[in-house]
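Text of start_29.tsv (TSV, C-alpha atoms (C1' of nucleotides)) as supplied:
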chain	number	residue	atom	x	y	z
A	1	MET	CA	-0.35	6.69	10.10
A	2	LYS	CA	2.66	6.50	7.88
A	3	ILE	CA	3.67	5.13	4.54
A	4	THR	CA	5.73	2.06	5.44
A	5	ALA	CA	9.09	1.30	3.92
A	6	GLN	CA	7.59	-1.74	2.23
A	7	GLU	CA	4.95	0.33	0.53
A	8	GLU	CA	7.39	2.95	-0.60
A	9	TYR	CA	10.12	0.63	-1.82
A	10	GLY	CA	7.78	-2.02	-3.13
A	11	LEU	CA	5.90	0.44	-5.29
A	12	ARG	CA	9.10	2.05	-6.54
A	13	CYS	CA	10.52	-1.33	-7.53
A	14	LEU	CA	7.31	-2.27	-9.25
A	15	LEU	CA	7.37	0.95	-11.21
A	16	ARG	CA	10.90	0.17	-12.33
A	17	VAL	CA	9.83	-3.18	-13.63
A	18	ALA	CA	6.89	-1.58	-15.40
A	19	HIS	CA	9.30	0.85	-16.96
A	20	GLY	CA	11.30	-1.98	-18.49
A	21	ASP	CA	8.61	-2.22	-21.11
A	22	GLY	CA	8.92	-5.81	-22.25
A	23	GLU	CA	12.55	-6.39	-21.33
A	24	PRO	CA	13.09	-8.12	-18.00
A	25	VAL	CA	14.53	-5.81	-15.36
A	26	THR	CA	17.17	-7.19	-13.00
A	27	ILE	CA	17.54	-6.64	-9.30
A	28	SER	CA	20.81	-4.82	-9.74
A	29	GLN	CA	19.31	-2.45	-12.28
A	30	ILE	CA	16.54	-1.56	-9.86
A	31	CYS	CA	19.02	-1.26	-7.07
A	32	LYS	CA	21.12	1.25	-8.97
A	33	ALA	CA	18.21	3.20	-10.31
A	34	GLU	CA	16.41	3.56	-7.01
A	35	GLY	CA	19.30	3.74	-4.59
A	36	ILE	CA	17.97	0.85	-2.52
A	37	SER	CA	20.41	-1.83	-1.38
A	38	GLN	CA	20.58	-4.98	-3.45
A	39	PRO	CA	19.43	-7.37	-0.70
A	40	ASN	CA	16.54	-5.14	0.04
A	41	VAL	CA	15.45	-4.92	-3.56
A	42	ALA	CA	15.67	-8.69	-3.70
A	43	LYS	CA	13.38	-8.95	-0.72
A	44	MET	CA	10.89	-6.52	-2.22
A	45	MET	CA	10.84	-8.40	-5.50
A	46	ARG	CA	10.20	-11.63	-3.70
A	47	LEU	CA	7.23	-10.00	-2.04
A	48	LEU	CA	5.92	-8.59	-5.28
A	49	ARG	CA	6.24	-11.96	-6.97
A	50	ARG	CA	4.34	-13.67	-4.19
A	51	GLY	CA	1.72	-10.99	-4.45
A	52	GLY	CA	1.29	-11.89	-8.10
A	53	PHE	CA	2.39	-8.54	-9.45
A	54	VAL	CA	5.53	-9.66	-11.25
A	55	LYS	CA	6.93	-12.85	-12.63
A	56	SER	CA	10.57	-13.78	-12.51
A	57	ILE	CA	12.86	-15.15	-15.17
A	58	ARG	CA	16.03	-16.84	-13.99
A	59	GLY	CA	19.36	-17.20	-15.66
A	60	HIS	CA	21.10	-15.16	-18.31
A	61	ASP	CA	19.12	-12.13	-19.45
A	62	GLY	CA	16.65	-12.86	-16.72
A	63	GLY	CA	14.96	-10.48	-14.37
A	64	TYR	CA	11.40	-9.48	-13.60
A	65	GLU	CA	8.49	-8.40	-15.69
A	66	LEU	CA	4.94	-7.43	-14.87
A	67	ALA	CA	2.54	-10.29	-14.42
A	68	ARG	CA	-0.24	-8.20	-15.97
A	69	GLN	CA	-0.52	-5.11	-18.11
A	70	PRO	CA	0.14	-1.90	-16.20
A	71	GLU	CA	-3.42	-0.73	-16.82
A	72	GLU	CA	-4.63	-3.80	-15.04
A	73	ILE	CA	-2.61	-3.36	-11.87
A	74	ALA	CA	-4.47	-1.16	-9.43
A	75	VAL	CA	-2.22	0.85	-7.17
A	76	GLY	CA	-4.68	0.37	-4.34
A	77	GLU	CA	-4.31	-3.36	-4.64
A	78	VAL	CA	-0.53	-3.13	-4.59
A	79	LEU	CA	-0.53	-0.91	-1.51
A	80	ALA	CA	-3.01	-3.10	0.31
A	81	PHE	CA	-0.79	-6.06	-0.35
A	82	LEU	CA	2.42	-4.34	0.69
A	83	GLY	CA	1.17	-2.46	3.71
A	84	GLY	CA	-2.17	-3.89	4.70
A	85	ARG	CA	-5.36	-1.92	5.09
A	86	LEU	CA	-5.66	1.05	7.40
A	87	TYR	CA	-8.78	-0.32	8.93
A	88	ASP	CA	-9.87	-3.91	9.00
A	89	HIS	CA	-12.23	-5.67	11.31
A	90	GLN	CA	-9.50	-7.68	12.91
A	91	PHE	CA	-8.26	-4.43	14.41
A	92	CYS	CA	-10.80	-4.16	17.20
A	93	ASP	CA	-10.11	-7.72	18.24
A	94	THR	CA	-6.39	-7.23	18.68
A	95	ARG	CA	-6.37	-3.81	20.26
A	96	GLY	CA	-9.64	-3.35	22.10
A	97	GLY	CA	-9.24	-5.91	24.82
A	98	GLY	CA	-11.67	-8.00	22.77
A	99	ALA	CA	-14.54	-6.98	20.56
A	100	ASP	CA	-16.86	-7.00	23.55
A	101	SER	CA	-15.22	-4.27	25.53
A	102	CYS	CA	-14.83	-2.54	22.24
A	103	ARG	CA	-18.53	-2.47	21.58
A	104	HIS	CA	-19.87	-2.17	25.09
A	105	LEU	CA	-17.40	-0.14	27.05
A	106	SER	CA	-16.99	2.45	24.31
A	107	GLY	CA	-13.50	2.25	22.89
A	108	CYS	CA	-14.70	1.97	19.38
A	109	ARG	CA	-16.16	5.32	18.87
A	110	VAL	CA	-12.92	5.75	17.02
A	111	ARG	CA	-13.71	2.77	14.86
A	112	SER	CA	-16.02	4.70	12.60
A	113	LEU	CA	-13.35	7.33	12.29
A	114	TRP	CA	-10.82	4.85	10.98
A	115	LEU	CA	-13.41	3.55	8.59
A	116	ARG	CA	-14.05	7.03	7.37
A	117	ILE	CA	-10.37	7.57	6.70
A	118	GLN	CA	-10.10	4.22	4.98
A	119	ILE	CA	-12.96	5.11	2.67
A	120	ALA	CA	-11.32	8.41	1.81
A	121	VAL	CA	-8.04	6.71	0.96
A	122	ASP	CA	-9.76	4.07	-1.12
A	123	HIS	CA	-11.62	6.74	-2.95
A	124	SER	CA	-8.52	8.71	-3.68
A	125	LEU	CA	-6.89	5.65	-5.25
A	126	ARG	CA	-9.93	4.49	-7.13
A	127	ARG	CA	-9.11	3.67	-10.71
A	128	ILE	CA	-5.47	4.69	-10.45
A	129	THR	CA	-3.31	2.03	-12.04
A	130	LEU	CA	0.38	1.53	-12.56
A	131	SER	CA	0.07	2.94	-16.02
A	132	ASP	CA	-1.17	6.25	-14.63
A	133	LEU	CA	1.95	6.44	-12.51
A	134	LEU	CA	4.13	5.51	-15.44
A	135	GLN	CA	2.91	7.97	-17.98
A	136	GLY	CA	3.81	11.23	-16.46
A	137	GLU	CA	5.97	13.07	-14.11
A	138	ASP	CA	4.67	14.72	-10.99
A	139	GLN	CA	1.95	16.63	-12.69
A	140	GLU	CA	0.37	13.46	-13.98
A	141	LEU	CA	-1.75	12.79	-10.94
A	142	ILE	CA	-2.68	16.39	-10.76
A	143	ARG	CA	-3.92	16.21	-14.34
A	144	LEU	CA	-6.11	13.30	-13.27
A	145	GLY	CA	-7.94	15.77	-11.12
A	146	PRO	CA	-8.01	16.37	-7.41
A	147	PRO	CA	-8.62	13.28	-5.30
A	148	VAL	CA	-12.00	14.60	-4.29
A	149	PRO	CA	-14.26	16.94	-6.17
A	150	ALA	CA	-14.59	20.34	-4.54
A	151	PRO	CA	-17.65	20.35	-2.26
B	1	MET	CA	-0.23	2.37	6.02
B	2	LYS	CA	-1.70	1.56	9.38
B	3	ILE	CA	-3.21	3.30	12.33
B	4	THR	CA	-0.44	3.19	14.93
B	5	ALA	CA	-0.97	2.08	18.50
B	6	GLN	CA	-0.20	5.60	19.66
B	7	GLU	CA	-2.91	7.06	17.48
B	8	GLU	CA	-5.46	4.49	18.54
B	9	TYR	CA	-4.74	4.55	22.24
B	10	GLY	CA	-3.99	8.23	22.41
B	11	LEU	CA	-7.28	9.18	20.82
B	12	ARG	CA	-9.22	6.74	22.97
B	13	CYS	CA	-7.66	8.15	26.13
B	14	LEU	CA	-8.37	11.67	25.01
B	15	LEU	CA	-12.00	10.78	24.38
B	16	ARG	CA	-12.22	9.39	27.90
B	17	VAL	CA	-10.97	12.62	29.34
B	18	ALA	CA	-13.40	14.54	27.20
B	19	HIS	CA	-16.15	12.35	28.51
B	20	GLY	CA	-15.36	13.31	32.09
B	21	ASP	CA	-17.16	16.55	31.43
B	22	GLY	CA	-15.59	18.88	33.93
B	23	GLU	CA	-14.45	16.34	36.49
B	24	PRO	CA	-10.81	15.31	36.19
B	25	VAL	CA	-10.38	11.76	34.90
B	26	THR	CA	-7.66	9.62	36.45
B	27	ILE	CA	-5.28	7.26	34.76
B	28	SER	CA	-6.76	4.27	36.48
B	29	GLN	CA	-10.26	5.18	35.39
B	30	ILE	CA	-9.13	5.37	31.79
B	31	CYS	CA	-7.20	2.18	32.18
B	32	LYS	CA	-10.25	0.28	33.40
B	33	ALA	CA	-12.62	1.77	30.88
B	34	GLU	CA	-10.42	1.21	27.87
B	35	GLY	CA	-8.69	-2.01	28.80
B	36	ILE	CA	-5.26	-0.50	28.27
B	37	SER	CA	-2.57	-1.19	30.85
B	38	GLN	CA	-2.00	1.46	33.49
B	39	PRO	CA	1.61	2.23	32.56
B	40	ASN	CA	0.63	2.56	28.97
B	41	VAL	CA	-2.22	4.93	29.71
B	42	ALA	CA	0.19	6.96	31.80
B	43	LYS	CA	2.54	7.20	28.88
B	44	MET	CA	-0.23	8.24	26.52
B	45	MET	CA	-1.44	10.90	28.90
B	46	ARG	CA	2.05	12.26	29.21
B	47	LEU	CA	2.16	12.53	25.45
B	48	LEU	CA	-1.21	14.21	25.26
B	49	ARG	CA	-0.22	16.68	27.90
B	50	ARG	CA	2.96	17.57	26.07
B	51	GLY	CA	0.92	17.96	22.93
B	52	GLY	CA	-1.18	20.53	24.73
B	53	PHE	CA	-4.42	18.59	24.51
B	54	VAL	CA	-4.94	17.97	28.21
B	55	LYS	CA	-3.81	19.48	31.47
B	56	SER	CA	-3.03	17.51	34.56
B	57	ILE	CA	-4.01	18.02	38.14
B	58	ARG	CA	-1.95	16.26	40.77
B	59	GLY	CA	-2.86	15.05	44.20
B	60	HIS	CA	-6.14	14.01	45.70
B	61	ASP	CA	-9.05	14.19	43.29
B	62	GLY	CA	-6.62	14.96	40.54
B	63	GLY	CA	-6.51	13.61	37.04
B	64	TYR	CA	-6.69	15.07	33.57
B	65	GLU	CA	-9.01	17.43	31.86
B	66	LEU	CA	-9.14	18.87	28.38
B	67	ALA	CA	-6.93	21.86	27.79
B	68	ARG	CA	-9.53	23.32	25.41
B	69	GLN	CA	-13.19	22.82	24.69
B	70	PRO	CA	-13.93	19.65	22.73
B	71	GLU	CA	-15.26	21.66	19.80
B	72	GLU	CA	-11.88	23.33	19.59
B	73	ILE	CA	-9.79	20.20	19.40
B	74	ALA	CA	-9.50	19.03	15.82
B	75	VAL	CA	-9.13	15.30	15.47
B	76	GLY	CA	-6.76	15.83	12.56
B	77	GLU	CA	-4.48	17.82	14.79
B	78	VAL	CA	-4.51	15.14	17.46
B	79	LEU	CA	-3.72	12.41	14.96
B	80	ALA	CA	-0.96	14.41	13.35
B	81	PHE	CA	0.60	14.89	16.75
B	82	LEU	CA	0.29	11.27	17.80
B	83	GLY	CA	1.23	9.59	14.57
B	84	GLY	CA	2.84	12.15	12.31
B	85	ARG	CA	1.75	13.00	8.83
B	86	LEU	CA	1.46	10.44	6.09
B	87	TYR	CA	3.46	12.55	3.74
B	88	ASP	CA	5.90	15.23	4.64
B	89	HIS	CA	8.76	16.66	2.71
B	90	GLN	CA	11.33	15.13	4.98
B	91	PHE	CA	10.25	11.78	3.58
B	92	CYS	CA	12.09	12.01	0.29
B	93	ASP	CA	15.27	12.98	2.07
B	94	THR	CA	15.35	9.98	4.34
B	95	ARG	CA	14.21	7.33	1.95
B	96	GLY	CA	15.19	8.41	-1.52
B	97	GLY	CA	18.95	8.25	-1.28
B	98	GLY	CA	18.80	12.03	-1.12
B	99	ALA	CA	16.40	14.47	-2.69
B	100	ASP	CA	18.56	14.60	-5.80
B	101	SER	CA	18.22	11.01	-6.83
B	102	CYS	CA	14.65	11.39	-5.84
B	103	ARG	CA	14.05	14.15	-8.33
B	104	HIS	CA	16.38	13.16	-11.10
B	105	LEU	CA	16.52	9.41	-11.16
B	106	SER	CA	12.78	8.98	-10.83
B	107	GLY	CA	11.95	7.48	-7.47
B	108	CYS	CA	9.54	10.15	-6.62
B	109	ARG	CA	6.87	9.47	-9.10
B	110	VAL	CA	5.27	7.98	-6.04
B	111	ARG	CA	5.65	11.22	-4.17
B	112	SER	CA	2.63	12.79	-5.80
B	113	LEU	CA	0.70	9.68	-4.95
B	114	TRP	CA	1.45	10.01	-1.27
B	115	LEU	CA	0.51	13.64	-1.43
B	116	ARG	CA	-2.76	12.71	-3.07
B	117	ILE	CA	-3.54	10.27	-0.28
B	118	GLN	CA	-2.56	12.80	2.36
B	119	ILE	CA	-4.93	15.34	0.86
B	120	ALA	CA	-7.74	12.82	0.86
B	121	VAL	CA	-7.15	11.99	4.52
B	122	ASP	CA	-6.97	15.63	5.50
B	123	HIS	CA	-10.15	16.29	3.65
B	124	SER	CA	-11.95	13.45	5.36
B	125	LEU	CA	-11.01	14.83	8.77
B	126	ARG	CA	-11.67	18.43	7.97
B	127	ARG	CA	-13.77	20.08	10.63
B	128	ILE	CA	-14.20	16.94	12.70
B	129	THR	CA	-13.55	17.74	16.34
B	130	LEU	CA	-13.52	15.79	19.56
B	131	SER	CA	-17.05	16.89	20.24
B	132	ASP	CA	-18.26	15.19	17.05
B	133	LEU	CA	-16.75	11.97	18.29
B	134	LEU	CA	-18.26	12.46	21.71
B	135	GLN	CA	-21.82	13.15	20.80
B	136	GLY	CA	-22.87	10.00	19.12
B	137	GLU	CA	-22.34	6.38	18.72
B	138	ASP	CA	-21.12	4.80	15.53
B	139	GLN	CA	-23.72	6.36	13.33
B	140	GLU	CA	-22.61	9.84	14.32
B	141	LEU	CA	-19.92	10.15	11.71
B	142	ILE	CA	-22.21	8.69	9.14
B	143	ARG	CA	-24.77	11.35	9.94
B	144	LEU	CA	-22.09	13.92	9.29
B	145	GLY	CA	-22.18	12.75	5.72
B	146	PRO	CA	-19.85	10.67	3.63
B	147	PRO	CA	-16.23	11.76	3.73
B	148	VAL	CA	-16.44	12.79	0.10
B	149	PRO	CA	-19.43	13.97	-1.86
B	150	ALA	CA	-20.53	11.51	-4.51
B	151	PRO	CA	-18.92	12.43	-7.81
C	1	DG	C1'	3.64	17.47	59.45
C	2	DC	C1'	2.03	13.01	57.78
C	3	DA	C1'	-0.24	9.95	54.87
C	4	DA	C1'	-2.92	8.96	50.85
C	5	DT	C1'	-3.52	9.97	46.15
C	6	DT	C1'	-2.09	11.05	41.67
C	7	DC	C1'	0.83	12.54	38.14
C	8	DT	C1'	6.13	12.55	36.16
C	9	DG	C1'	10.43	11.13	34.30
C	10	DG	C1'	13.85	8.41	32.60
C	11	DA	C1'	15.49	3.99	31.86
C	12	DC	C1'	14.60	-0.74	30.73
C	13	DA	C1'	12.37	-4.88	28.17
C	14	DA	C1'	9.73	-6.92	24.54
C	15	DA	C1'	7.94	-7.08	20.05
C	16	DA	C1'	7.65	-5.78	15.35
C	17	DA	C1'	9.56	-3.93	11.18
C	18	DA	C1'	13.37	-3.21	8.25
C	19	DG	C1'	17.45	-4.59	6.30
C	20	DT	C1'	21.53	-8.01	5.45
C	21	DC	C1'	23.77	-12.34	4.42
C	22	DA	C1'	25.35	-16.57	2.55
C	23	DA	C1'	24.46	-20.86	0.43
C	24	DG	C1'	21.49	-22.81	-3.18
C	25	DA	C1'	18.90	-23.65	-7.59
C	26	DA	C1'	17.41	-22.56	-12.39
C	27	DT	C1'	18.71	-20.94	-16.98
C	28	DG	C1'	21.22	-19.90	-21.14
C	29	DG	C1'	25.66	-19.39	-23.68
C	30	DT	C1'	29.83	-21.63	-25.15
D	1	DA	C1'	29.47	-30.31	-19.53
D	2	DC	C1'	30.77	-26.11	-17.54
D	3	DC	C1'	30.44	-21.44	-16.32
D	4	DA	C1'	28.46	-16.97	-15.65
D	5	DT	C1'	24.23	-14.85	-14.60
D	6	DT	C1'	20.23	-14.21	-12.00
D	7	DC	C1'	16.64	-15.32	-8.93
D	8	DT	C1'	15.35	-17.96	-4.06
D	9	DT	C1'	15.29	-19.07	0.63
D	10	DG	C1'	15.60	-18.98	5.39
D	11	DA	C1'	18.13	-17.26	9.10
D	12	DC	C1'	20.24	-13.47	11.18
D	13	DT	C1'	21.11	-8.43	12.78
D	14	DT	C1'	19.77	-3.82	13.42
D	15	DT	C1'	16.51	-0.31	14.21
D	16	DT	C1'	12.14	1.39	15.56
D	17	DT	C1'	8.03	1.08	17.99
D	18	DT	C1'	5.50	-0.56	21.97
D	19	DG	C1'	4.93	-1.48	26.47
D	20	DT	C1'	6.66	-1.80	31.52
D	21	DC	C1'	8.83	-0.42	35.78
D	22	DC	C1'	10.19	2.18	39.69
D	23	DA	C1'	11.61	5.88	42.37
D	24	DG	C1'	10.25	10.79	42.74
D	25	DA	C1'	7.43	15.08	43.20
D	26	DA	C1'	3.08	17.74	43.78
D	27	DT	C1'	-1.32	18.18	46.09
D	28	DT	C1'	-5.02	17.56	49.39
D	29	DG	C1'	-7.16	16.10	53.79
D	30	DC	C1'	-6.42	15.22	58.46
What would you get if you wrote out this structure as structure tokens?
Amino acid sequence: MKITAQEEYGLRCLLRVAHGDGEPVTISQICKAEGISQPNVAKMMRLLRRGGFVKSIRGHDGGYELARQPEEIAVGEVLAFLGGRLYDHQFCDTRGGGADSCRHLSGCRVRSLWLRIQIAVDHSLRRITLSDLLQGEDQELIRLGPPVPAP
Amino acid sequence: MKITAQEEYGLRCLLRVAHGDGEPVTISQICKAEGISQPNVAKMMRLLRRGGFVKSIRGHDGGYELARQPEEIAVGEVLAFLGGRLYDHQFCDTRGGGADSCRHLSGCRVRSLWLRIQIAVDHSLRRITLSDLLQGEDQELIRLGPPVPAP
DNA sequence: GCAATTCTGGACAAAAAAGTCAAGAATGGT
DNA sequence: ACCATTCTTGACTTTTTTGTCCAGAATTGC
């Protein structure tokens, strides 16, 4: 269970675009600012465009800008697009030797565990948007409160 | 952000051993029950042994048994061993172009996000042990209550 | 001691993810 | 019209993760 490179880089690139604040942000600007290679940034931007998070402007003074307002881009949605969901139903089919053995033989006692973790992650991201990530430095998310209320 | 094969298979194998209840469980038993190939089960068991979760008994009537009581094996610990932590400090070093650029240039506004997710996952696994996973079927974890109290 | 059983170790092979490249197509300035 | 700028695409390479194999070593029963 790791943050994938696509999630990390994709989100960082998206934040850079969001930071452009109106002006289109170019691949080479992102590349310099984030220390990610140019081809790799290009690949990430392609992904983000296809995901509908940014739109591209070609030619002179071109670059990328957000497809929607930062308050309207949910971080959870971005991460799900870039890295997939932790738990989805397709999982048991691909790794259980078929859903049958999964259900009957037992394997999937772990299934409810993955679901549990997925719910926790979803909850921790609930209502966090790009604009939350933009506004502050590290303490920003802390100001938003702990991911879960103390029991 | 995905459950890795090692986490999935490792935990399933460990549950099988736990299920043996005293009697050593062999690789081929696990292999049949879980529908995982024999060499792969062997590899997982090797891992689990090195992680200190099971002990092995060679020769006739050998197999694996738990190194500790199921109530004393935290699922979070098992998962951390099998799949690593979602967020650890080494992360910024390897993927930020150095911790410096990470801090100064900006990249790591996402860092606090990963930490937030990590905390949520940890919290959702808190106090869940192998024995919780053993006792019930799917509804077991639900009976334990939702991963986070309703806000 | 011998044979059957069962784990052990390291090396190899296959698949998936990550990252790079080069040629191409749209746009705007002159 | 031409050129510089900037994104676009698909194919390719490298790295990491998964999965397989085989010869070896420990243990037990006879």
Report the closest atom pair, with its distance in Å rounded to one decimal, for each residue of chain C that has an atom no farther than 10 Å from stretch 10-18 of chain D; count only C-alpha atoms (C1' of nucleotides), sort by chain and then rising residue number, and write it as a tab-separated table.
residue	atom	partner	partner_atom	distance
C:DA14	C1'	D:DT18	C1'	8.1
C:DA15	C1'	D:DT18	C1'	7.2
C:DA16	C1'	D:DT17	C1'	7.4
C:DA17	C1'	D:DT16	C1'	7.4
C:DA18	C1'	D:DT15	C1'	7.3
C:DG19	C1'	D:DT14	C1'	7.5
C:DT20	C1'	D:DT13	C1'	7.4
C:DC21	C1'	D:DC12	C1'	7.7
C:DA22	C1'	D:DA11	C1'	9.8
Next on the checklist: Would you pick out the contacts of D:DA4 at 10 Å or less, using only C-alpha atoms (C1' of nucleotides), so that residues sharing its chain but fewer than 4 positions from it are not included, and give the list as a list of chain:residue names?
Outcome noted: A:Gly59, A:His60, C:DG28, C:DG29
Checklist entry - Neighbours of stretch 3-8 of chain C within 12 Å (only C-alpha atoms (C1' of nucleotides); same-chain residues fewer than 2 positions away dropped), as a PyMOL selection string? => result (chain B and resi 24-29+39+41-43+45-47+49-50+55-64) or (chain C and resi 1+10) or (chain D and resi 22-30)
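Residues lying within 9 Å of D:DT20, counting all atoms listed in the file and ignoring same-chain neighbours fewer than 5 positions away, are Pro39 and Asn40 of chain B; DC12 and DA13 of chain C.
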For the contact check between chain D and chain A, emit one row per residue of chain D within 8 Å, containing the shortest atom pair and the distance in Å rounded to one decimal, counting all atoms listed in the file, chain then rising number order, as CSV.
residue,atom,partner,partner_atom,distance
D:DT5,C1',A:His60,CA,4.9
D:DT6,C1',A:Gly59,CA,4.8
D:DC7,C1',A:Arg58,CA,5.3
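Interatomic distance, atom CA of A:Gln6 against atom CA of B:Arg111: 14.6 Å.
Taking atom CA of B:Leu15 as the reference point, atom CA of B:Met44 is found at 12.2 Å.
Distances to chain A were evaluated for B:Arg127, B:Arg109, B:His19, B:Lys32 using all atoms listed in the file, and the minimum falls at B:Arg109.
Going from atom CA of A:Ile73 to atom CA of A:Leu11 covers 11.4 Å.
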Item to check | Test item: residues at most 7 Å from stretch 76-88 of chain A, all atoms listed in the file, excluding those fewer than 4 positions along its chain, as a PyMOL selection string | outcome: (chain A and resi 4+6-7+10+51+114-115+118+125) or (chain B and resi 1-3)
What would the file look like if the residues just selected were written as a short mmCIF file (atom, residue, chain, number, x, y, z; two decimals), keeping the file's coordinate frame with C-alpha atoms?
data_model
loop_
_atom_site.label_atom_id
_atom_site.label_comp_id
_atom_site.auth_asym_id
_atom_site.auth_seq_id
_atom_site.Cartn_x
_atom_site.Cartn_y
_atom_site.Cartn_z
CA THR A 4 5.73 2.06 5.44
CA GLN A 6 7.59 -1.74 2.23
CA GLU A 7 4.95 0.33 0.53
CA GLY A 10 7.78 -2.02 -3.13
CA GLY A 51 1.72 -10.99 -4.45
CA TRP A 114 -10.82 4.85 10.98
CA LEU A 115 -13.41 3.55 8.59
CA GLN A 118 -10.10 4.22 4.98
CA LEU A 125 -6.89 5.65 -5.25
CA MET B 1 -0.23 2.37 6.02
CA LYS B 2 -1.70 1.56 9.38
CA ILE B 3 -3.21 3.30 12.33
#
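The shortest atom-to-atom distance to chain C, with all atoms listed in the file taken into account, belongs to A:Gln38 out of A:Leu14, A:Gln38, A:Asp21, A:Cys31.
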Edge lengths and centre in Å to one decimal, as JSON, is what I'm after for the box along x, y and z that holds all listed atoms of stretch 123-138 of chain A once 5 Å is added on each side.
{"center_x": -2.8, "center_y": 8.1, "center_z": -10.5, "size_x": 27.6, "size_y": 23.2, "size_z": 25.0}
